[in-house]
Protein chains: 2
Amino acid sequence: MTTYRKFPQVDHADATGELKEIYDDIQATLRVPWVAFACRVLATFPGYLPLAWRAAQPNFATRYAERAVDALRERSLLPGPNPPDLRPKLRELGWDDTRIDAVRRAVDAFNYGNPKYLLLLTAWYEAFHNRPSGGADLSQEDAAPIPRGLPEGVAPLELVDPDTASPEVQALLKRAVDIHFHHGAASDFRVLANWPEYLRLAIDEVLEPVVRTEEYDAVTRALLVQARDSIRGFPAPAGVSQDEISNLCSPSEIAGLSGLLFMYQRFIADVTVDLILLKQALDGPESAAASPFPIP
Amino acid sequence: MTTYRKFPQVDHADATGELKEIYDDIQATLRVPWVAFACRVLATFPGYLPLAWRAAQPNFATRYAERAVDALRERSLLPGPNPPDLRPKLRELGWDDTRIDAVRRAVDAFNYGNPKYLLLLTAWYEAFHNRPSGGADLSQEDAAPIPRGLPEGVAPLELVDPDTASPEVQALLKRAVDIHFHHGAASDFRVLANWPEYLRLAIDEVLEPVVRTEEYDAVTRALLVQARDSIRGFPAPAGVSQDEISNLCSPSEIAGLSGLLFMYQRFIADVTVDLILLKQALDGPESAAASPFPIP
């Protein structure tokens with residue numbers, strides 16, 4: 001079996017200077033405890049991430065963005081039967097509530113942040129190709145800022161490094177990737193890999209039965225359509241065009257960025273649906289599609 | 001309005017040495033009169049295209065591949081009403097049968113080749129991520145070779161260069177791109193742009209009403225699912241993994257290639273459906289999903 005290796009990226013711990021500032025600002029603005037896989041990969045290209053984030057930042061600091069993201073999250077529930085409740089199975093494995101709560105905190109953080117990153121990548125992809133990604137008039141209410149920084153009780157997340165993980169964890173991460181036909185492990189799965197027993201149950205019982213079914217693909221498509229609609233309501237363009245970075249990037253870098261922006265839109269839509277499912281399997285469907293950290 | 005510009009790529013006319021040989025061999029093996037946009041963009045990355053094509057070539061020279069492609073083509077018809085017949089509208093614009101035949105020849109060439117390239121990119125994407133893209137036992141019949149070179153009567157295609165096209169043609173190409181939320185103009189549209197009156201009608205009357213509808217996206221998804229199934233039946237792995245090119249490409253090049261392979265699978269599925277629709281609008285639904293150049 002081929003060893004499962006980490007996809008090219010700049011980890012938060014390895015970011016320095018301007019890139020570290022950008023990573024920190026992404027987390028503080030979006031109020032999330034991790035920098036998306038997409039951003040960490042885009043950071044390997046010269047100049048793009050800082051420019052694209054500076055365009056996005058004022059848009060994502062608004063109530064408009066928060067509401068658009070809440071609406072995406074509500075749309076992320078799969079039709080059909082609920083996934084099985086994983087709690088009794090975890091208790092059979094000797095898990096107590098404290099340990100289940102630790103997983104729940106990670107799942108909540110991702111459920112809060114995934115649809116934000118979906119909106120972000122959609123804006124970046126559209127802007128890259130000279131299509132509108134903002135420029136609408138906002139009501140005073142929509143233009144109001146959201147609080148900055150992590151919601152109360154949210155702590156930084158620990159991503160397992162596939163390159164140094166145990167063969168068991170590597171195999172779990174590879175399964176998470178392959179059932180989706182993905183290119184690499186989402187941050188979500190790298191964090192959940194801190195609890196291999198849980199990740200195995202999550203894949204076996206919750207994800208594998210539905211991932212890439214017609215219903216699943218129809219929901220991820222609907223998220224993409226809704227994200228495209230939402231970005232046009234931003235107050236200002238939320239990304240940069242390929243023309244704006246043509247002096248920073250080579251032709252193959254421009255092409256590669258284009259492919260990555262396209263891919264990560266769809267990748268994040270998938271993972272958004274996955275983590276809502278995992279929340280359902282921990283806490284039932286009522287709470288799954290609601291914001292875990294609503295802004296009053 | 002932003003000028004519509006060509007996406008980074010190496011045109012066939014600009015290819016020299018090994019790359020020109022690869023381009024020529026792609027055309028001769030697949031029996032098509034153009035090298036796909038995907039291949040022309042991948043050619044901007046060091047080393048990838050020759051290695052990937054050499055892995056693909058023996059697989060695509062088989063009857064198995066031809067049959068898998070015919071099955072994809074049959075799956076590409078949209079449900080619902082037929083598109084309007086464009087011939088009376090073209091005759092109103094003064095078109096005679098000779099001119100309509102010239103468009104038909106281009107449409108046929110793309111309808112023959114698009115699903116081949118969909119299969120190719122699917123194999124390349126899966127192989128890139130260490131998933132199976134071949135290794136099955138073929139029956140003697142499936143293993144038999146197909147003829148090499150262009151089918152009788154098929155001539156090389158002329159792609160309009162967006163960088164030097166008239167503003168009218170640039171605007172048409174940008175519309176073809178934007179209605180799909182694509183990143184650049186498919187070869188198909190660059191060839192059809194030789195007949196701007198036709199391309200305008202094709203976009204207005206045939207494509208825009210259906211592109212990116214639920215039904216359209218369901219068909220393109222089904223093509224992708226079927227392509228993934230088909231590649232596992234190839235006699236040998238039909239692509240190379242990211243590990244195999246890690247000494248040729250930088251980390252951001254590996255990432256960019258991954259994004260492009262993902263994107264072009266979906267891009268080609270879209271264009272496959274589009275050109276079947278355009279064939280329907282010229283010749284009715286019966287002939288649209290049949291191979292224009294069946295191998296006896």
# chains A, B, ... in the order shown; residues from 1 in each chain; ligands from 1

call {"tool": "interface_residues", "arguments": {"of": "chain A", "to": "chain B", "cutoff": "8 Å", "atoms": "only C-alpha atoms", "output": "ChimeraX atom specification"}}
result
/A:2,7-9,41,44-45,126,129-131,178,181,183,217-218,221,251-263

call {"tool": "residues_around", "arguments": {"residues": "A:Val219", "least_positions_apart": "5", "cutoff": "12 Å", "atoms": "only C-alpha atoms", "output": "NGL selection string"}}
result
(:A and (72-80 or 210-214 or 224-226 or 266 or 269-274 or 276)) or (:B and (214 or 217-218))

call {"tool": "atom_distance", "arguments": {"atom1": "atom CA of A:Asn111", "atom2": "atom CA of A:Leu275"}}
result
6.1 Å

call {"tool": "atom_distance", "arguments": {"atom1": "atom CA of B:Ser241", "atom2": "atom CA of B:Pro50"}}
result
13.3 Å

call {"tool": "residues_around", "arguments": {"residues": "stretch 139-151 of chain B", "least_positions_apart": "2", "cutoff": "12 Å", "atoms": "only C-alpha atoms", "output": "number ranges by chain"}}
result
B: 24-34, 57-68, 105, 108-109, 112-113, 136-137, 153-157, 233-236, 291-296

call {"tool": "residues_around", "arguments": {"residues": "B:Ala288", "least_positions_apart": "3", "cutoff": "7 Å", "atoms": "only C-alpha atoms", "output": "mmCIF file with N, CA and C atoms, in the first residue's frame"}}
result
data_model
loop_
_atom_site.group_PDB
_atom_site.id
_atom_site.type_symbol
_atom_site.label_atom_id
_atom_site.label_comp_id
_atom_site.auth_asym_id
_atom_site.auth_seq_id
_atom_site.Cartn_x
_atom_site.Cartn_y
_atom_site.Cartn_z
ATOM 1 N N ILE B 276 -23.295 17.446 -27.399
ATOM 2 C CA ILE B 276 -24.382 16.520 -27.752
ATOM 3 C C ILE B 276 -25.658 17.335 -27.998
ATOM 4 N N LYS B 279 -25.440 18.945 -31.309
ATOM 5 C CA LYS B 279 -25.695 17.966 -32.365
ATOM 6 C C LYS B 279 -27.211 17.706 -32.485
ATOM 7 N N GLN B 280 -27.880 17.589 -31.362
ATOM 8 C CA GLN B 280 -29.342 17.432 -31.372
ATOM 9 C C GLN B 280 -30.006 18.575 -32.124
ATOM 10 N N GLY B 284 -31.241 16.335 -34.727
ATOM 11 C CA GLY B 284 -32.241 15.579 -33.980
ATOM 12 C C GLY B 284 -31.604 14.631 -32.975
ATOM 13 N N PRO B 285 -32.393 14.134 -32.004
ATOM 14 C CA PRO B 285 -31.851 13.372 -30.880
ATOM 15 C C PRO B 285 -31.349 11.980 -31.254
#

call {"tool": "select_by_dssp", "arguments": {"residues": "stretch 83-215 of chain B", "states": "alpha helix (DSSP H)", "output": "PDB file with C-alpha atoms, in the first residue's frame"}}
result
ATOM      1  CA  ARG B  87     -31.152  24.895 -39.196  1.00  0.00           C
ATOM      2  CA  PRO B  88     -34.194  27.027 -40.157  1.00  0.00           C
ATOM      3  CA  LYS B  89     -32.748  29.912 -38.137  1.00  0.00           C
ATOM      4  CA  LEU B  90     -29.414  29.598 -39.902  1.00  0.00           C
ATOM      5  CA  ARG B  91     -31.138  29.506 -43.299  1.00  0.00           C
ATOM      6  CA  GLU B  92     -32.980  32.700 -42.390  1.00  0.00           C
ATOM      7  CA  ASP B  97     -26.099  23.505 -46.598  1.00  0.00           C
ATOM      8  CA  THR B  98     -22.363  23.686 -47.273  1.00  0.00           C
ATOM      9  CA  ARG B  99     -21.884  26.114 -44.415  1.00  0.00           C
ATOM     10  CA  ILE B 100     -24.123  24.099 -42.099  1.00  0.00           C
ATOM     11  CA  ASP B 101     -22.099  20.999 -43.028  1.00  0.00           C
ATOM     12  CA  ALA B 102     -18.882  22.721 -42.005  1.00  0.00           C
ATOM     13  CA  VAL B 103     -20.318  23.362 -38.519  1.00  0.00           C
ATOM     14  CA  ARG B 104     -21.634  19.795 -38.396  1.00  0.00           C
ATOM     15  CA  ARG B 105     -18.168  18.408 -39.109  1.00  0.00           C
ATOM     16  CA  ALA B 106     -16.733  20.362 -36.187  1.00  0.00           C
ATOM     17  CA  VAL B 107     -19.568  19.296 -33.873  1.00  0.00           C
ATOM     18  CA  ASP B 108     -19.096  15.654 -34.894  1.00  0.00           C
ATOM     19  CA  ALA B 109     -15.365  15.781 -34.235  1.00  0.00           C
ATOM     20  CA  PHE B 110     -15.968  17.134 -30.724  1.00  0.00           C
ATOM     21  CA  ASN B 111     -18.737  14.648 -30.046  1.00  0.00           C
ATOM     22  CA  TYR B 112     -16.368  11.887 -30.981  1.00  0.00           C
ATOM     23  CA  GLY B 113     -13.513  13.200 -28.863  1.00  0.00           C
ATOM     24  CA  ASN B 114     -14.989  14.897 -25.801  1.00  0.00           C
ATOM     25  CA  PRO B 115     -15.928  11.692 -23.951  1.00  0.00           C
ATOM     26  CA  LYS B 116     -12.465  10.282 -24.774  1.00  0.00           C
ATOM     27  CA  TYR B 117     -10.873  13.220 -23.019  1.00  0.00           C
ATOM     28  CA  LEU B 118     -13.307  12.851 -20.111  1.00  0.00           C
ATOM     29  CA  LEU B 119     -12.112   9.281 -19.637  1.00  0.00           C
ATOM     30  CA  LEU B 120      -8.484  10.385 -19.986  1.00  0.00           C
ATOM     31  CA  LEU B 121      -8.722  13.127 -17.358  1.00  0.00           C
ATOM     32  CA  THR B 122     -10.605  10.841 -14.986  1.00  0.00           C
ATOM     33  CA  ALA B 123      -7.835   8.243 -15.235  1.00  0.00           C
ATOM     34  CA  TRP B 124      -5.195  10.921 -14.755  1.00  0.00           C
ATOM     35  CA  TYR B 125      -6.899  12.399 -11.684  1.00  0.00           C
ATOM     36  CA  GLU B 126      -7.455   9.039 -10.016  1.00  0.00           C
ATOM     37  CA  ALA B 127      -3.915   7.825 -10.757  1.00  0.00           C
ATOM     38  CA  PHE B 128      -2.493  11.101  -9.427  1.00  0.00           C
ATOM     39  CA  GLN B 140      -9.371 -10.649 -26.592  1.00  0.00           C
ATOM     40  CA  GLU B 141     -12.046  -8.558 -28.282  1.00  0.00           C
ATOM     41  CA  ASP B 142     -11.680  -5.666 -25.822  1.00  0.00           C
ATOM     42  CA  ALA B 143      -7.881  -5.808 -26.024  1.00  0.00           C
ATOM     43  CA  PRO B 167     -14.602  42.251 -29.549  1.00  0.00           C
ATOM     44  CA  GLU B 168     -17.807  40.552 -30.724  1.00  0.00           C
ATOM     45  CA  VAL B 169     -16.172  37.106 -30.716  1.00  0.00           C
ATOM     46  CA  GLN B 170     -14.413  37.799 -27.414  1.00  0.00           C
ATOM     47  CA  ALA B 171     -17.762  38.661 -25.864  1.00  0.00           C
ATOM     48  CA  LEU B 172     -19.306  35.446 -27.226  1.00  0.00           C
ATOM     49  CA  LEU B 173     -16.456  33.353 -25.822  1.00  0.00           C
ATOM     50  CA  LYS B 174     -16.767  35.074 -22.459  1.00  0.00           C
ATOM     51  CA  ARG B 175     -20.483  34.269 -22.410  1.00  0.00           C
ATOM     52  CA  ALA B 176     -19.760  30.618 -23.216  1.00  0.00           C
ATOM     53  CA  VAL B 177     -17.371  30.592 -20.250  1.00  0.00           C
ATOM     54  CA  ASP B 178     -19.529  32.512 -17.788  1.00  0.00           C
ATOM     55  CA  ILE B 179     -22.793  30.608 -18.241  1.00  0.00           C
ATOM     56  CA  HIS B 180     -20.907  27.487 -17.088  1.00  0.00           C
ATOM     57  CA  SER B 187     -11.653  24.227 -27.686  1.00  0.00           C
ATOM     58  CA  ASP B 188     -15.182  23.474 -28.879  1.00  0.00           C
ATOM     59  CA  PHE B 189     -16.250  27.101 -28.481  1.00  0.00           C
ATOM     60  CA  ARG B 190     -12.984  28.423 -29.891  1.00  0.00           C
ATOM     61  CA  VAL B 191     -13.626  26.396 -33.052  1.00  0.00           C
ATOM     62  CA  LEU B 192     -17.318  27.288 -33.250  1.00  0.00           C
ATOM     63  CA  PRO B 196     -20.054  33.808 -34.742  1.00  0.00           C
ATOM     64  CA  GLU B 197     -23.651  33.761 -35.987  1.00  0.00           C
ATOM     65  CA  TYR B 198     -23.870  30.074 -35.210  1.00  0.00           C
ATOM     66  CA  LEU B 199     -22.142  30.362 -31.827  1.00  0.00           C
ATOM     67  CA  ARG B 200     -24.508  33.153 -30.785  1.00  0.00           C
ATOM     68  CA  LEU B 201     -27.562  31.063 -31.697  1.00  0.00           C
ATOM     69  CA  GLU B 214     -30.377  20.657 -11.879  1.00  0.00           C
ATOM     70  CA  GLU B 215     -30.949  18.273 -14.793  1.00  0.00           C
TER      71      GLU B 215
END

call {"tool": "closest_residue", "arguments": {"among": "A:Asp163, A:Leu138, A:Val35, A:Ile22", "to": "A:Lys6", "atoms": "only C-alpha atoms"}}
result
A:Asp163

call {"tool": "atom_distance", "arguments": {"atom1": "atom CA of A:Gly134", "atom2": "atom CA of A:Val240"}}
result
11.4 Å

call {"tool": "decode", "arguments": {"residues": "stretch 135-148 of chain A", "atoms": "N, CA, C and O atoms", "output": "PDB file, in the first residue's frame"}}
result
ATOM      1  N   GLY A 135     -20.183  44.010  -4.418  1.00  0.00           N
ATOM      2  CA  GLY A 135     -20.429  45.332  -4.968  1.00  0.00           C
ATOM      3  C   GLY A 135     -21.869  45.770  -4.763  1.00  0.00           C
ATOM      4  O   GLY A 135     -22.338  46.713  -5.392  1.00  0.00           O
ATOM      5  N   ALA A 136     -22.569  45.073  -3.845  1.00  0.00           N
ATOM      6  CA  ALA A 136     -23.978  45.383  -3.574  1.00  0.00           C
ATOM      7  C   ALA A 136     -24.083  46.406  -2.441  1.00  0.00           C
ATOM      8  O   ALA A 136     -23.155  46.569  -1.649  1.00  0.00           O
ATOM      9  N   ASP A 137     -25.224  47.092  -2.375  1.00  0.00           N
ATOM     10  CA  ASP A 137     -25.496  47.975  -1.239  1.00  0.00           C
ATOM     11  C   ASP A 137     -26.050  47.143  -0.096  1.00  0.00           C
ATOM     12  O   ASP A 137     -27.004  46.398  -0.281  1.00  0.00           O
ATOM     13  N   LEU A 138     -25.456  47.268   1.078  1.00  0.00           N
ATOM     14  CA  LEU A 138     -25.966  46.535   2.238  1.00  0.00           C
ATOM     15  C   LEU A 138     -26.846  47.438   3.085  1.00  0.00           C
ATOM     16  O   LEU A 138     -26.592  48.635   3.201  1.00  0.00           O
ATOM     17  N   SER A 139     -27.869  46.849   3.697  1.00  0.00           N
ATOM     18  CA  SER A 139     -28.629  47.581   4.716  1.00  0.00           C
ATOM     19  C   SER A 139     -27.678  47.860   5.881  1.00  0.00           C
ATOM     20  O   SER A 139     -26.643  47.205   6.021  1.00  0.00           O
ATOM     21  N   GLN A 140     -28.056  48.824   6.722  1.00  0.00           N
ATOM     22  CA  GLN A 140     -27.211  49.155   7.868  1.00  0.00           C
ATOM     23  C   GLN A 140     -27.005  47.920   8.745  1.00  0.00           C
ATOM     24  O   GLN A 140     -25.915  47.679   9.254  1.00  0.00           O
ATOM     25  N   GLU A 141     -28.061  47.145   8.881  1.00  0.00           N
ATOM     26  CA  GLU A 141     -27.987  45.947   9.719  1.00  0.00           C
ATOM     27  C   GLU A 141     -27.002  44.930   9.137  1.00  0.00           C
ATOM     28  O   GLU A 141     -26.183  44.364   9.854  1.00  0.00           O
ATOM     29  N   ASP A 142     -27.089  44.709   7.814  1.00  0.00           N
ATOM     30  CA  ASP A 142     -26.200  43.740   7.173  1.00  0.00           C
ATOM     31  C   ASP A 142     -24.749  44.223   7.176  1.00  0.00           C
ATOM     32  O   ASP A 142     -23.823  43.408   7.198  1.00  0.00           O
ATOM     33  N   ALA A 143     -24.568  45.546   7.109  1.00  0.00           N
ATOM     34  CA  ALA A 143     -23.206  46.089   7.060  1.00  0.00           C
ATOM     35  C   ALA A 143     -22.537  46.102   8.429  1.00  0.00           C
ATOM     36  O   ALA A 143     -21.318  46.267   8.524  1.00  0.00           O
ATOM     37  N   ALA A 144     -23.316  45.893   9.503  1.00  0.00           N
ATOM     38  CA  ALA A 144     -22.752  45.960  10.860  1.00  0.00           C
ATOM     39  C   ALA A 144     -21.700  44.866  11.044  1.00  0.00           C
ATOM     40  O   ALA A 144     -21.818  43.779  10.475  1.00  0.00           O
ATOM     41  N   PRO A 145     -20.660  45.166  11.845  1.00  0.00           N
ATOM     42  CA  PRO A 145     -19.593  44.170  12.021  1.00  0.00           C
ATOM     43  C   PRO A 145     -20.003  43.047  12.969  1.00  0.00           C
ATOM     44  O   PRO A 145     -20.826  43.237  13.852  1.00  0.00           O
ATOM     45  N   ILE A 146     -19.404  41.874  12.759  1.00  0.00           N
ATOM     46  CA  ILE A 146     -19.545  40.789  13.735  1.00  0.00           C
ATOM     47  C   ILE A 146     -18.364  40.884  14.694  1.00  0.00           C
ATOM     48  O   ILE A 146     -17.348  41.511  14.388  1.00  0.00           O
ATOM     49  N   PRO A 147     -18.486  40.268  15.884  1.00  0.00           N
ATOM     50  CA  PRO A 147     -17.356  40.308  16.819  1.00  0.00           C
ATOM     51  C   PRO A 147     -16.122  39.662  16.184  1.00  0.00           C
ATOM     52  O   PRO A 147     -16.241  38.809  15.308  1.00  0.00           O
ATOM     53  N   ARG A 148     -14.962  40.074  16.636  1.00  0.00           N
ATOM     54  CA  ARG A 148     -13.702  39.544  16.117  1.00  0.00           C
ATOM     55  C   ARG A 148     -13.117  38.550  17.127  1.00  0.00           C
ATOM     56  O   ARG A 148     -13.232  38.733  18.326  1.00  0.00           O
TER      57      ARG A 148
END
